[in-house]
Amino acid sequence: MKLYGIGVGPGDPELLTLKAYKILKGVDMIVAPRSSEGKRSRALHTVEKIIKERDCIVVEPVFPMTKDRAKLKLYWKKAREEVLAKGNSCETVAFITLGDPSMYSTFYRFLEVFNDLVEELEVIPGVTSFSACTSTAQVPLVEGTEIVSIIPDVKAKNAMRVIESSDSLIFLKPKDLDKIRDMLGNEKAILCVKVGFEDQKLLGPVFTRAQYSF
């Protein structure tokens with residue numbers, strides 16, 4: 001089969017690339033990951049109007065946000081079984097992910113699980129959440145020779161060293177906003193919540209604890 005890894009952007013359907021749109025209009029199956037049993041795929045929500053326009057197989061396997069390797073292995077096995085059961089005869093499959101497939105995505109893990117069945121691969125980049133955030137705020141992320149760093153966890157190894165040596169910072173899914181706020185002091189910051197979706201929130205350039213206590 002031919003596998004497409006498609007970044008569908010941050011959530012706004014109009015930020016889907018033309019190439020992604022064309023491919024999604026023609027594939028036999030769409031695999032849309034979701035983080036838990038009780039949630040639907042946010043990536044699928046982004047492209048649902050395209051899905052409604054045509055008849056294709058849609059699978060929403062659960063890929064939990066956990067570091068428990070044993071638990072992950074079970075879910076990946078279940079995902080493979082589900083995909084094969086519903087689309088064993090499919091020649092083209094698109095794995096969709098929010099943002100870009102190369103940025104903290106489950107796409108390449110999915111590729112590992114199905115590598116024995118993939119005869120051809122194509123990866124389609126997507127608009128990242130932080131690009132959408134800065135565009136919405138109408139501010140530059142970096143200019144000239146400035147250095148920007150992406151911090152997925154302020155407690156991660158070498159995080160503080162990277163933070164101290166960067167001109168601009170991107171905190172992805174920040175879990176400790178109080179710590180980040182204290183760290184930044186009087187520096188300007190923008191907080192984007194659900195950027196690209198209808199209920200998005202944009203706070204800044206200086207946000208208070210009261211604002212992000214939602």
# chains A, B, ... in the order shown; residues from 1 in each chain; ligands from 1

call {"tool": "residues_around", "arguments": {"residues": "A:Ala85", "least_positions_apart": "6", "cutoff": "12 Å", "atoms": "only C-alpha atoms", "output": "list in words"}}
result
Met29, Ile57, Val58, Val59, Lys78 and Ala79 of chain A

call {"tool": "select_by_dssp", "arguments": {"residues": "stretch 103-197 of chain A", "states": "strand (DSSP E or B)", "output": "number ranges by chain"}}
result
A: 120-124, 148-151, 168-171, 191-193

call {"tool": "write_last_selection", "arguments": {"atoms": "N, CA and C atoms", "output": "PDB file, in the first residue's frame"}}
result
ATOM      1  N   GLU A 120       5.146   2.308  -0.556  1.00  0.00           N
ATOM      2  CA  GLU A 120       5.481   3.674  -0.986  1.00  0.00           C
ATOM      3  C   GLU A 120       5.056   4.649   0.101  1.00  0.00           C
ATOM      4  N   LEU A 121       5.860   5.682   0.320  1.00  0.00           N
ATOM      5  CA  LEU A 121       5.592   6.635   1.399  1.00  0.00           C
ATOM      6  C   LEU A 121       5.709   8.067   0.894  1.00  0.00           C
ATOM      7  N   GLU A 122       4.782   8.904   1.351  1.00  0.00           N
ATOM      8  CA  GLU A 122       4.852  10.342   1.054  1.00  0.00           C
ATOM      9  C   GLU A 122       4.385  11.108   2.280  1.00  0.00           C
ATOM     10  N   VAL A 123       5.169  12.103   2.688  1.00  0.00           N
ATOM     11  CA  VAL A 123       4.842  12.901   3.865  1.00  0.00           C
ATOM     12  C   VAL A 123       4.514  14.326   3.430  1.00  0.00           C
ATOM     13  N   ILE A 124       3.348  14.810   3.880  1.00  0.00           N
ATOM     14  CA  ILE A 124       2.875  16.135   3.503  1.00  0.00           C
ATOM     15  C   ILE A 124       2.958  17.045   4.721  1.00  0.00           C
ATOM     16  N   VAL A 148      15.469  30.410  18.000  1.00  0.00           N
ATOM     17  CA  VAL A 148      14.219  29.990  18.617  1.00  0.00           C
ATOM     18  C   VAL A 148      14.354  28.531  19.049  1.00  0.00           C
ATOM     19  N   SER A 149      13.813  28.195  20.209  1.00  0.00           N
ATOM     20  CA  SER A 149      13.860  26.828  20.718  1.00  0.00           C
ATOM     21  C   SER A 149      12.464  26.366  21.095  1.00  0.00           C
ATOM     22  N   ILE A 150      12.228  25.074  20.914  1.00  0.00           N
ATOM     23  CA  ILE A 150      10.950  24.464  21.261  1.00  0.00           C
ATOM     24  C   ILE A 150      11.125  23.659  22.537  1.00  0.00           C
ATOM     25  N   ILE A 151      10.304  23.952  23.537  1.00  0.00           N
ATOM     26  CA  ILE A 151      10.401  23.289  24.836  1.00  0.00           C
ATOM     27  C   ILE A 151       9.120  22.482  25.070  1.00  0.00           C
ATOM     28  N   SER A 168      14.078  33.389  21.531  1.00  0.00           N
ATOM     29  CA  SER A 168      12.622  33.223  21.507  1.00  0.00           C
ATOM     30  C   SER A 168      12.304  31.782  21.879  1.00  0.00           C
ATOM     31  N   LEU A 169      11.203  31.587  22.597  1.00  0.00           N
ATOM     32  CA  LEU A 169      10.862  30.250  23.093  1.00  0.00           C
ATOM     33  C   LEU A 169       9.444  29.854  22.709  1.00  0.00           C
ATOM     34  N   ILE A 170       9.296  28.564  22.426  1.00  0.00           N
ATOM     35  CA  ILE A 170       7.983  27.986  22.174  1.00  0.00           C
ATOM     36  C   ILE A 170       7.772  26.897  23.220  1.00  0.00           C
ATOM     37  N   PHE A 171       6.767  27.056  24.058  1.00  0.00           N
ATOM     38  CA  PHE A 171       6.422  26.041  25.046  1.00  0.00           C
ATOM     39  C   PHE A 171       5.202  25.289  24.518  1.00  0.00           C
ATOM     40  N   LEU A 191       0.112  33.425  25.066  1.00  0.00           N
ATOM     41  CA  LEU A 191      -0.435  32.108  25.388  1.00  0.00           C
ATOM     42  C   LEU A 191      -1.584  31.818  24.435  1.00  0.00           C
ATOM     43  N   CYS A 192      -1.432  30.749  23.662  1.00  0.00           N
ATOM     44  CA  CYS A 192      -2.468  30.346  22.715  1.00  0.00           C
ATOM     45  C   CYS A 192      -3.099  29.047  23.186  1.00  0.00           C
ATOM     46  N   VAL A 193      -4.408  29.035  23.296  1.00  0.00           N
ATOM     47  CA  VAL A 193      -5.141  27.848  23.714  1.00  0.00           C
ATOM     48  C   VAL A 193      -6.080  27.420  22.596  1.00  0.00           C
TER      49      VAL A 193
END

call {"tool": "atom_distance", "arguments": {"atom1": "atom CA of A:Glu91", "atom2": "atom CA of A:Val127"}}
result
26.8 Å

call {"tool": "atom_distance", "arguments": {"atom1": "atom CA of A:Val139", "atom2": "atom CA of A:Leu203"}}
result
12.9 Å

call {"tool": "residues_around", "arguments": {"residues": "A:Gly99", "least_positions_apart": "5", "cutoff": "8 Å", "atoms": "only C-alpha atoms", "output": "compact mmCIF listing (two decimals) with N, CA and C atoms, in the first residue's frame"}}
result
# COMPACT_ATOMS: atom_id res chain seq x y z
N GLY A 7 -0.03 16.33 7.56
CA GLY A 7 -0.26 17.34 8.59
C GLY A 7 -1.45 18.18 8.17
N VAL A 8 -2.49 18.22 9.02
CA VAL A 8 -3.70 18.96 8.65
C VAL A 8 -3.75 20.36 9.27
N GLY A 9 -2.63 20.78 9.87
CA GLY A 9 -2.59 22.12 10.44
C GLY A 9 -3.08 22.15 11.88
N PRO A 10 -3.24 23.33 12.44
CA PRO A 10 -3.55 23.48 13.87
C PRO A 10 -5.02 23.28 14.24
N GLY A 126 2.52 20.26 7.36
CA GLY A 126 1.34 21.04 7.74
C GLY A 126 1.74 22.27 8.53
N VAL A 127 0.83 23.20 8.66
CA VAL A 127 1.05 24.42 9.44
C VAL A 127 1.08 24.04 10.93
N THR A 128 2.09 24.49 11.64
CA THR A 128 2.21 24.17 13.05
C THR A 128 1.35 25.10 13.91
N SER A 129 1.08 24.66 15.13
CA SER A 129 0.26 25.47 16.05
C SER A 129 0.96 26.77 16.41

call {"tool": "select_by_dssp", "arguments": {"residues": "stretch 62-172 of chain A", "states": "alpha helix (DSSP H)", "output": "ChimeraX atom specification"}}
result
/A:69-87,107-114,129-137,159-164

call {"tool": "closest_atom_pairs", "arguments": {"of": "stretch 90-207 of chain A", "to": "stretch 35-51 of chain A", "cutoff": "12 Å", "atoms": "only C-alpha atoms", "output": "JSON lines"}}
result
{"residue": "A:Ala94", "atom": "CA", "partner": "A:Leu44", "partner_atom": "CA", "distance": 11.4}
{"residue": "A:Phe95", "atom": "CA", "partner": "A:Ala43", "partner_atom": "CA", "distance": 9.7}
{"residue": "A:Ile96", "atom": "CA", "partner": "A:Ala43", "partner_atom": "CA", "distance": 6.3}
{"residue": "A:Thr97", "atom": "CA", "partner": "A:Ala43", "partner_atom": "CA", "distance": 5.5}
{"residue": "A:Leu98", "atom": "CA", "partner": "A:Ala43", "partner_atom": "CA", "distance": 5.2}
{"residue": "A:Gly99", "atom": "CA", "partner": "A:Ala43", "partner_atom": "CA", "distance": 8.8}
{"residue": "A:Asp100", "atom": "CA", "partner": "A:Ala43", "partner_atom": "CA", "distance": 11.1}
{"residue": "A:Pro101", "atom": "CA", "partner": "A:Ala43", "partner_atom": "CA", "distance": 11.6}
{"residue": "A:Ser105", "atom": "CA", "partner": "A:Ala43", "partner_atom": "CA", "distance": 11.5}
{"residue": "A:Thr106", "atom": "CA", "partner": "A:Ser35", "partner_atom": "CA", "distance": 10.6}
{"residue": "A:Gly126", "atom": "CA", "partner": "A:Ala43", "partner_atom": "CA", "distance": 11.5}
{"residue": "A:Lys194", "atom": "CA", "partner": "A:Arg42", "partner_atom": "CA", "distance": 10.4}
{"residue": "A:Gly196", "atom": "CA", "partner": "A:Thr46", "partner_atom": "CA", "distance": 9.4}
{"residue": "A:Phe197", "atom": "CA", "partner": "A:Thr46", "partner_atom": "CA", "distance": 8.5}
{"residue": "A:Glu198", "atom": "CA", "partner": "A:Thr46", "partner_atom": "CA", "distance": 10.8}

call {"tool": "closest_residue", "arguments": {"among": "A:Lys188, A:Cys90, A:Tyr104, A:Glu82", "to": "A:Met65", "atoms": "only C-alpha atoms"}}
result
A:Tyr104

call {"tool": "closest_atom_pairs", "arguments": {"of": "stretch 82-178 of chain A", "to": "stretch 70-74 of chain A", "cutoff": "12 Å", "atoms": "only C-alpha atoms", "output": "tab-separated table"}}
result
residue	atom	partner	partner_atom	distance
A:Thr106	CA	A:Leu72	CA	11.4
A:Arg109	CA	A:Leu72	CA	10.6
A:Phe110	CA	A:Lys73	CA	11.4
A:Glu112	CA	A:Lys73	CA	11.9
A:Val113	CA	A:Lys73	CA	9.9

call {"tool": "atom_distance", "arguments": {"atom1": "atom CA of A:Gly11", "atom2": "atom CA of A:Glu143"}}
result
26.0 Å
